[in-house]
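Text of the file entry-v4.cif, holding mmCIF, C-alpha atoms:
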```
data_work
#
loop_
_atom_site.label_atom_id
_atom_site.label_comp_id
_atom_site.auth_asym_id
_atom_site.auth_seq_id
_atom_site.Cartn_x
_atom_site.Cartn_y
_atom_site.Cartn_z
CA MET A 153 2.99 -53.14 -38.95
CA MET A 154 2.40 -53.36 -35.23
CA TRP A 155 5.29 -51.08 -34.34
CA ARG A 156 4.17 -48.54 -36.90
CA THR A 157 0.70 -48.54 -35.39
CA CYS A 158 2.13 -48.13 -31.86
CA TRP A 159 4.42 -45.35 -33.01
CA ALA A 160 1.53 -43.58 -34.67
CA LEU A 161 -0.51 -43.78 -31.47
CA LEU A 162 2.43 -42.57 -29.37
CA SER A 163 3.10 -39.72 -31.77
CA GLY A 164 -0.54 -38.74 -31.58
CA LEU A 165 -0.46 -38.68 -27.80
CA ILE A 166 2.71 -36.61 -27.71
CA GLY A 167 1.35 -34.25 -30.34
CA GLY A 168 -1.90 -33.92 -28.44
CA PHE A 169 0.01 -33.06 -25.25
CA ILE A 170 2.12 -30.45 -27.02
CA LEU A 171 -0.81 -28.86 -28.80
CA GLY A 172 -3.29 -29.20 -25.98
CA TYR A 173 -1.85 -29.11 -22.47
CA LEU A 174 1.60 -27.61 -22.90
CA PRO A 175 0.51 -24.14 -24.11
CA HIS A 176 -1.78 -23.80 -21.07
CA TYR A 177 1.04 -24.92 -18.77
CA LEU A 178 3.50 -22.47 -20.30
CA GLU A 179 0.91 -19.71 -20.06
CA SER A 180 0.41 -20.42 -16.34
CA ARG A 181 4.15 -20.51 -15.63
CA GLN A 182 5.09 -17.04 -16.74
CA ARG A 183 6.80 -13.85 -15.75
CA PHE A 184 5.19 -10.85 -14.17
CA VAL A 185 6.92 -7.54 -14.88
CA GLU A 186 6.49 -4.69 -12.41
CA PRO A 187 7.26 -1.57 -14.49
CA SER A 188 9.32 1.16 -12.89
CA GLY A 189 8.89 3.86 -15.51
CA VAL A 190 12.66 4.34 -15.64
CA GLY A 191 13.69 1.26 -17.60
CA ALA A 192 14.72 -0.94 -14.65
CA ASP A 193 11.76 -3.24 -14.14
CA LEU A 194 11.29 -5.96 -11.53
CA VAL A 195 10.60 -9.42 -12.95
CA PHE A 196 8.85 -12.17 -10.98
CA ARG A 197 8.56 -15.80 -12.07
CA VAL A 198 4.96 -16.64 -11.23
CA GLN A 199 1.91 -18.74 -11.89
CA ARG A 200 -1.29 -16.80 -12.54
CA ILE A 201 -3.96 -18.47 -10.43
CA PHE A 202 -6.82 -15.97 -10.54
CA SER A 203 -7.95 -13.09 -12.73
CA LEU A 204 -11.02 -10.86 -12.63
CA GLN A 205 -12.09 -7.68 -14.37
CA SER A 206 -14.25 -5.72 -11.91
CA LYS A 207 -16.24 -2.58 -12.68
CA PHE A 208 -13.18 -0.52 -11.84
CA GLN A 209 -10.00 -2.48 -12.49
CA LYS A 210 -8.30 -5.76 -13.35
CA ILE A 211 -7.48 -7.88 -10.29
CA ASP A 212 -5.00 -10.75 -10.48
CA VAL A 213 -3.54 -13.15 -7.97
CA LEU A 214 -0.19 -14.70 -8.83
CA ARG A 215 1.73 -17.46 -7.11
CA SER A 216 5.49 -17.35 -6.57
CA ASP A 217 7.59 -20.06 -4.96
CA PHE A 218 9.50 -17.36 -3.06
CA PHE A 219 6.97 -14.54 -2.50
CA GLY A 220 3.84 -16.66 -2.03
CA HIS A 221 0.59 -15.12 -3.24
CA ILE A 222 0.95 -11.78 -5.01
CA LEU A 223 -1.89 -9.31 -5.55
CA THR A 224 -1.79 -7.07 -8.61
CA ILE A 225 -4.27 -4.44 -9.78
CA ASP A 226 -4.19 -3.30 -13.39
CA ASP A 227 -0.88 -5.20 -13.66
CA ASP A 228 0.71 -3.19 -10.87
CA LEU A 229 1.99 -5.04 -7.80
CA MET A 230 0.06 -4.28 -4.60
CA LEU A 231 1.49 -6.77 -2.11
CA THR A 232 3.21 -10.11 -1.65
CA GLU A 233 2.67 -12.53 1.20
CA ARG A 234 6.37 -12.54 1.94
CA ASP A 235 6.94 -8.85 2.71
CA GLU A 236 3.55 -7.10 3.04
CA PHE A 237 4.21 -6.68 6.77
CA ILE A 238 6.86 -4.03 6.09
CA TYR A 239 4.47 -1.69 4.30
CA HIS A 240 1.52 -2.36 6.58
CA GLU A 241 3.39 -2.04 9.86
CA MET A 242 4.96 1.25 8.84
CA ILE A 243 1.88 2.91 7.32
CA ALA A 244 -0.08 2.11 10.50
CA HIS A 245 2.27 2.27 13.47
CA VAL A 246 4.36 5.30 12.53
CA PRO A 247 1.37 7.70 12.73
CA ALA A 248 -0.18 5.79 15.64
CA ALA A 249 2.97 6.35 17.72
CA TYR A 250 2.14 10.07 17.90
CA VAL A 251 -1.47 9.43 18.93
CA PRO A 252 -1.20 6.44 21.32
CA ASN A 253 -4.74 6.97 22.64
CA ALA A 254 -6.37 7.17 19.21
CA ARG A 255 -9.97 5.93 19.34
CA ASP A 256 -11.25 6.62 15.83
CA ALA A 257 -9.37 5.84 12.62
CA LEU A 258 -10.16 6.03 8.92
CA ILE A 259 -8.60 4.10 6.03
CA ILE A 260 -9.26 5.17 2.46
CA GLY A 261 -8.57 2.13 0.29
CA GLY A 262 -6.85 -0.75 2.01
CA GLY A 263 -9.17 -3.41 0.59
CA ASP A 264 -6.66 -6.19 1.28
CA GLY A 265 -7.11 -5.70 5.03
CA GLY A 266 -3.41 -5.41 5.88
CA THR A 267 -3.48 -1.83 7.18
CA ALA A 268 -6.65 -2.52 9.14
CA LYS A 269 -5.03 -5.59 10.69
CA GLN A 270 -2.17 -3.47 12.02
CA LEU A 271 -4.31 -0.61 13.31
CA LEU A 272 -6.55 -3.05 15.16
CA ARG A 273 -3.53 -4.04 17.23
CA ARG A 274 -3.67 -0.63 18.92
CA PRO A 275 -5.39 -1.21 22.29
CA SER A 276 -7.05 2.22 22.40
CA LEU A 277 -8.80 1.89 19.03
CA VAL A 278 -12.59 1.78 19.30
CA ASN A 279 -13.81 2.50 15.76
CA LEU A 280 -12.13 1.84 12.42
CA THR A 281 -13.86 2.95 9.23
CA VAL A 282 -12.57 1.48 5.96
CA VAL A 283 -13.79 3.06 2.72
CA GLU A 284 -12.86 0.82 -0.22
CA LEU A 285 -13.96 1.59 -3.76
CA ASP A 286 -13.99 -1.94 -5.18
CA GLU A 287 -15.92 -4.66 -3.36
CA GLU A 288 -14.26 -7.30 -5.53
CA VAL A 289 -10.85 -6.50 -4.02
CA VAL A 290 -12.15 -7.50 -0.60
CA HIS A 291 -13.76 -10.68 -1.98
CA VAL A 292 -10.53 -11.70 -3.70
CA CYS A 293 -8.45 -11.00 -0.61
CA ARG A 294 -10.83 -12.94 1.63
CA ARG A 295 -10.17 -15.93 -0.62
CA PHE A 296 -6.43 -15.63 -1.23
CA PHE A 297 -5.19 -13.43 1.65
CA PRO A 298 -7.47 -14.48 4.55
CA ARG A 299 -4.87 -13.65 7.20
CA LEU A 300 -5.16 -9.98 6.19
CA ALA A 301 -8.80 -9.75 5.12
CA SER A 302 -10.04 -11.39 8.32
CA SER A 303 -9.48 -7.98 9.94
CA PHE A 304 -12.77 -6.85 8.38
CA ASP A 305 -14.62 -9.26 10.66
CA ASP A 306 -13.51 -7.37 13.77
CA PRO A 307 -16.55 -5.73 15.43
CA ARG A 308 -14.68 -2.42 15.61
CA VAL A 309 -14.56 -2.22 11.80
CA THR A 310 -17.14 -0.52 9.58
CA LEU A 311 -16.43 -1.53 5.97
CA LEU A 312 -17.98 0.72 3.34
CA PHE A 313 -17.86 0.29 -0.42
CA ALA A 314 -17.78 3.80 -1.83
CA ASP A 315 -15.67 6.32 -3.68
CA GLY A 316 -13.26 7.62 -1.05
CA ALA A 317 -13.13 11.18 -2.34
CA SER A 318 -16.93 11.47 -2.45
CA TRP A 319 -17.34 9.88 0.96
CA VAL A 320 -14.86 12.23 2.61
CA SER A 321 -16.43 15.29 0.99
CA SER A 322 -19.79 14.42 2.56
CA ALA A 323 -18.49 13.36 5.99
CA GLU A 324 -19.82 16.33 7.92
CA SER A 325 -19.91 15.38 11.60
CA ARG A 326 -17.11 12.80 11.88
CA THR A 327 -13.52 13.41 12.90
CA PHE A 328 -10.71 10.89 13.10
CA ASP A 329 -7.56 10.69 15.20
CA LEU A 330 -5.77 8.73 12.47
CA ILE A 331 -6.39 8.87 8.72
CA ILE A 332 -4.52 6.62 6.30
CA VAL A 333 -4.78 6.79 2.53
CA ASP A 334 -3.78 3.32 1.33
CA SER A 335 -4.66 3.31 -2.35
CA THR A 336 -3.31 2.65 -5.79
CA ASP A 337 -1.80 5.65 -7.54
CA PHE A 338 -3.55 5.32 -10.90
CA GLY A 339 -6.88 4.62 -12.58
CA ALA A 340 -9.95 4.98 -10.39
CA ALA A 341 -7.82 6.38 -7.54
CA GLN A 342 -6.98 9.61 -9.38
CA PRO A 343 -9.43 11.77 -7.35
CA LEU A 344 -7.40 10.88 -4.25
CA PHE A 345 -4.52 12.96 -5.62
CA GLU A 346 -6.49 16.16 -6.00
CA GLU A 347 -5.97 19.05 -3.59
CA ARG A 348 -9.71 19.22 -2.87
CA PHE A 349 -9.70 15.69 -1.43
CA HIS A 350 -6.82 16.47 0.92
CA ARG A 351 -8.49 19.67 2.12
CA HIS A 352 -11.50 17.56 3.07
CA LEU A 353 -9.15 15.20 4.93
CA ARG A 354 -7.79 18.14 6.89
CA ARG A 355 -11.35 19.10 7.82
CA ILE A 356 -12.13 15.68 9.34
CA LEU A 357 -8.74 15.22 11.03
CA ALA A 358 -9.21 15.62 14.79
CA PRO A 359 -7.00 18.04 16.77
CA GLY A 360 -3.70 16.33 17.42
CA GLY A 361 -4.45 13.78 14.70
CA MET A 362 -2.14 12.35 12.06
CA LEU A 363 -2.65 11.67 8.34
CA VAL A 364 -0.44 9.34 6.28
CA ILE A 365 -0.54 8.95 2.50
CA ASN A 366 1.42 6.39 0.51
CA LEU A 367 3.76 7.88 -2.07
CA THR A 368 6.15 5.98 -4.34
CA SER A 369 9.84 5.21 -4.91
CA LEU A 370 11.91 7.91 -3.22
CA PRO A 371 15.01 7.70 -5.47
CA TRP A 372 13.39 6.73 -8.78
CA GLN A 373 10.24 8.86 -8.65
CA LEU A 374 11.58 11.84 -6.71
CA THR A 375 9.76 14.41 -8.85
CA SER A 376 6.44 12.74 -8.07
CA VAL A 377 7.31 12.74 -4.36
CA GLN A 378 8.16 16.46 -4.57
CA ARG A 379 4.79 17.26 -6.18
CA SER A 380 2.84 15.34 -3.54
CA VAL A 381 4.75 16.90 -0.68
CA ALA A 382 4.36 20.39 -2.15
CA ARG A 383 0.58 19.84 -2.39
CA GLN A 384 0.37 18.67 1.22
CA ARG A 385 2.39 21.65 2.44
CA GLN A 386 -0.24 23.96 0.97
CA ILE A 387 -2.80 22.30 3.24
CA PHE A 388 -1.11 21.07 6.43
CA ARG A 389 1.18 22.92 8.81
CA HIS A 390 3.54 19.96 9.29
CA VAL A 391 4.49 17.58 6.46
CA ARG A 392 7.32 15.07 6.65
CA VAL A 393 8.47 12.16 4.53
CA PHE A 394 9.55 8.82 5.98
CA GLN A 395 11.00 5.86 4.15
CA ILE A 396 10.90 2.07 4.21
CA TYR A 397 12.81 -0.73 2.58
CA GLN A 398 10.22 -2.67 0.56
CA PRO A 399 12.06 -5.22 -1.62
CA SER A 400 9.16 -6.07 -3.93
CA TYR A 401 8.32 -2.44 -4.78
CA THR A 402 9.98 -0.38 -7.48
CA SER A 403 13.60 0.31 -6.46
CA GLY A 404 12.96 -1.27 -3.05
CA HIS A 405 13.08 2.22 -1.51
CA TYR A 406 9.54 3.42 -0.81
CA CYS A 407 8.17 6.39 1.14
CA PHE A 408 5.14 7.98 2.77
CA ALA A 409 4.09 11.50 3.72
CA ILE A 410 2.87 12.11 7.27
CA CYS A 411 0.85 15.28 7.84
CA SER A 412 -0.62 17.13 10.80
CA ASN A 413 -1.88 20.54 11.82
CA ASP A 414 -0.51 20.22 15.35
CA LEU A 415 2.36 17.70 15.52
CA ASP A 416 5.67 17.70 13.69
CA ALA A 417 6.57 14.05 13.09
CA GLN A 418 10.22 15.05 13.11
CA ASP A 419 9.86 15.81 16.83
CA LEU A 420 10.59 12.27 17.96
CA GLY A 421 10.98 13.41 21.54
CA ALA A 422 7.23 14.01 21.71
CA ILE A 423 6.52 10.27 21.44
CA ASP A 424 5.72 8.24 24.53
CA TRP A 425 7.56 5.15 23.37
CA ALA A 426 6.29 2.95 26.19
CA ALA A 427 2.70 3.70 25.20
CA ALA A 428 3.46 3.56 21.47
CA THR A 429 4.95 0.06 21.52
CA ARG A 430 3.22 -1.55 24.51
CA GLY A 431 2.17 -5.13 23.80
CA LEU A 432 3.23 -5.01 20.15
CA GLU A 433 5.54 -7.63 18.65
CA MET A 434 6.59 -6.53 15.18
CA GLN A 435 8.53 -8.03 12.31
CA TYR A 436 9.79 -4.69 10.97
CA TYR A 437 8.61 -1.72 13.03
CA SER A 438 10.49 -0.68 16.17
CA ARG A 439 11.49 2.49 17.93
CA GLU A 440 14.86 2.43 16.16
CA VAL A 441 13.31 1.79 12.75
CA HIS A 442 10.79 4.58 13.34
CA GLN A 443 13.55 7.04 14.17
CA GLY A 444 15.72 5.93 11.26
CA ALA A 445 12.84 6.21 8.80
CA PHE A 446 13.03 10.01 9.05
CA ALA A 447 16.79 10.11 8.38
CA LEU A 448 16.42 10.77 4.67
CA PRO A 449 19.40 10.55 2.30
CA GLU A 450 20.97 13.84 1.30
CA PHE A 451 19.53 13.90 -2.24
CA ALA A 452 16.00 13.64 -0.82
CA LYS A 453 16.59 16.21 1.93
CA LYS A 454 17.87 18.71 -0.62
CA ALA A 455 15.08 18.07 -3.13
CA LEU A 456 12.30 18.28 -0.56
CA GLY A 457 13.99 21.07 1.38
CA ARG A 458 14.09 23.33 -1.69
CA ARG A 459 10.32 23.09 -1.99
CA GLU A 460 9.94 23.81 1.74
CA GLN A 461 12.18 26.87 1.48
CA ARG A 462 10.17 28.23 -1.43
CA ARG A 463 6.93 27.73 0.49
CA ARG A 464 8.29 29.62 3.50
CA GLU A 465 9.43 32.46 1.27
CA GLU A 466 5.96 32.68 -0.27
CA LEU A 467 4.15 32.78 3.10
#
```

Is it possible to give me this structure as structure tokens?
Amino acid sequence: MMWRTCWALLSGLIGGFILGYLPHYLESRQRFVEPSGVGADLVFRVQRIFSLQSKFQKIDVLRSDFFGHILTIDDDLMLTERDEFIYHEMIAHVPAAYVPNARDALIIGGGDGGTAKQLLRRPSLVNLTVVELDEEVVHVCRRFFPRLASSFDDPRVTLLFADGASWVSSAESRTFDLIIVDSTDFGAAQPLFEERFHRHLRRILAPGGMLVINLTSLPWQLTSVQRSVARQRQIFRHVRVFQIYQPSYTSGHYCFAICSNDLDAQDLGAIDWAAATRGLEMQYYSREVHQGAFALPEFAKKALGRREQRRREEL
């Protein structure tokens, strides 16, 4: 009788574990799928450690043994601790190289603080305005990505919680040497893809200034890149695309558009490299990487060049 009683107790404990704890454990040790839209998705083995539905979007923090903390918004990957420096160094220091004495900069989006952290490394920078739609993104990043979000504590930073498109449309007397659009490409960020918003950006871009916008996968979303570049070429005199290798983004081959009324980013000889790189120790960005980023593969040159040729013919 005794062994039957012990077995019954043991069975109850095991059953309680399986029915009670195990489902929660299996739920926390799960896979995150970063959809590509072309049927070749990236899959991460993660533990979901935080989730919040804000007024605007769903914010999650995942934990990976390899990538560290991962930030996702509406189930789309924003950054990983392991390789965020690639994106943030390139979105900040490529445009800054052309304006080494930039004093005033504007970031639309960038609530994780990574782009701000890089721009604040520029010794000439006096004022950095960050316009982030969702205050909760900053709160989450202060908790889980403090190395990046601590940039908002710099006295040079003015952090505003507002709709970027509306804020830019009403910015009457301000101009900026550097403007960076560092946003998601869906949901509440849709107004940032309208031509009207980019015409307002042109209005507040100082003479000799540079604007950078984040795009998407160059090889897998080429049509989307073409549309964005075509829109920018209706507004700015000089529009170029540069590329980065970002392993945790769709296809690993990501790109940006850099725009100006006065400077052609393809004119690398115009850069004062000593001033552009003075005192900066990077993990990804360098003079050689900067130059190579504009050496687009042939398929991209042809696709983007066709649009440029059409625009010239129409002018």

Original post:
Hey, what comes out of the PyMOL selection byres ((chain A and resi 226-229) around 10) on this file? Could you write it as a PyMOL selection string?
Top reply: chain A and resi 184-188+205+208-214+222-225+230-232+336-339+400-402

Name the residues that the PyMOL selection byres ((chain A and resi 281-285) around 7) pulls out of this structure, and write them as a PDB file with C-alpha atoms, in the coordinates of the input.
```pdb
ATOM      1  CA  ALA A 257      -9.370   5.840  12.620  1.00  0.00           C
ATOM      2  CA  LEU A 258     -10.160   6.030   8.920  1.00  0.00           C
ATOM      3  CA  ILE A 259      -8.600   4.100   6.030  1.00  0.00           C
ATOM      4  CA  ILE A 260      -9.260   5.170   2.460  1.00  0.00           C
ATOM      5  CA  GLY A 261      -8.570   2.130   0.290  1.00  0.00           C
ATOM      6  CA  GLY A 262      -6.850  -0.750   2.010  1.00  0.00           C
ATOM      7  CA  GLY A 263      -9.170  -3.410   0.590  1.00  0.00           C
ATOM      8  CA  ASN A 279     -13.810   2.500  15.760  1.00  0.00           C
ATOM      9  CA  LEU A 280     -12.130   1.840  12.420  1.00  0.00           C
ATOM     10  CA  ASP A 286     -13.990  -1.940  -5.180  1.00  0.00           C
ATOM     11  CA  GLU A 287     -15.920  -4.660  -3.360  1.00  0.00           C
ATOM     12  CA  VAL A 309     -14.560  -2.220  11.800  1.00  0.00           C
ATOM     13  CA  THR A 310     -17.140  -0.520   9.580  1.00  0.00           C
ATOM     14  CA  LEU A 311     -16.430  -1.530   5.970  1.00  0.00           C
ATOM     15  CA  LEU A 312     -17.980   0.720   3.340  1.00  0.00           C
ATOM     16  CA  PHE A 313     -17.860   0.290  -0.420  1.00  0.00           C
ATOM     17  CA  ALA A 314     -17.780   3.800  -1.830  1.00  0.00           C
ATOM     18  CA  ASP A 315     -15.670   6.320  -3.680  1.00  0.00           C
ATOM     19  CA  GLY A 316     -13.260   7.620  -1.050  1.00  0.00           C
TER      20      GLY A 316
END
```

Within 9 Å of (8.2, 16.6, -3.4), in the coordinates the file gives, what residues turn up when you count all atoms listed in the file, written out as JSON, numbers by chain?
{"A": [374, 375, 376, 377, 378, 379, 380, 381, 382, 383, 452, 455, 456, 457, 459]}

Point to revise | Explicit residue set for the PyMOL selection byres ((chain A and resi 221) around 12), as an MDAnalysis selection string | key: chainID A and resid 196:202 212:220 222:224 229:236 292:293 295:299

As an exercise, work out the distance from atom CA of A:Arg294 to atom CA of A:Ser206 in Å and give it to one decimal place.
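That distance, rounded to one decimal, is 15.7 Å.
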
In Å and to one decimal, atom CA of A:Leu330 is distant from atom CA of A:Ala248 by 7.1 Å

Correct to one decimal, the distance atom CA of A:Leu271-atom CA of A:Thr429 is 12.4 Å

Residue with the minimum atom-to-atom distance to A:Ser276, picked from A:Val290, A:Ala192, A:Ala249, A:Ile332 with all atoms listed in the file counted, is A:Ala249

Closest of A:Gln418, A:Gln373, A:Ser403, A:Thr327 to A:His390, counting only C-alpha atoms, is A:Gln418

Hey, could you pull the box centre and edge lengths for stretch 393-400 of chain A, axis-aligned, 5 Å padding per side, all listed atoms, to one decimal in Å, as JSON?
```
{"center_x": 10.6, "center_y": 3.0, "center_z": 1.0, "size_x": 14.3, "size_y": 28.2, "size_z": 19.9}
```

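When all atoms listed in the file are used to compute distances to A:Phe237, the closest of the residues A:Ala317, A:Met362, A:Ala426, A:Leu300 turns out to be A:Leu300.
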
Pick from A:Gln386, A:Gln443, A:Gln270, A:Ser318: nearest to A:Ile238, with only C-alpha atoms counted?
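Of all the options, A:Gln270 lies closest to A:Ile238.
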
Mind checking which residues fall within 10 Å of A:Asp306, counting all atoms listed in the file, ignoring those fewer than 5 positions away in the same chain, and posting them as a PDB file with C-alpha atoms, in the coordinates of the input?
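And here is the file that came out, selection-v2.pdb:
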```pdb
ATOM      1  CA  ALA A 268      -6.650  -2.520   9.140  1.00  0.00           C
ATOM      2  CA  LYS A 269      -5.030  -5.590  10.690  1.00  0.00           C
ATOM      3  CA  LEU A 272      -6.550  -3.050  15.160  1.00  0.00           C
ATOM      4  CA  LEU A 280     -12.130   1.840  12.420  1.00  0.00           C
TER       5      LEU A 280
END
```

Check your understanding: Once you count all atoms listed in the file, which residues end up no further than 9 Å from (-0.6, 5.0, 22.3) in the file's frame, shown as number ranges by chain?
Key -> A: 248-254, 274-276, 423-430

For A:Gly404, which of A:Leu277, A:Leu353, A:Leu194, A:Met434 is the closest residue, counting only C-alpha atoms?
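For A:Gly404, the nearest of the candidates is A:Leu194.
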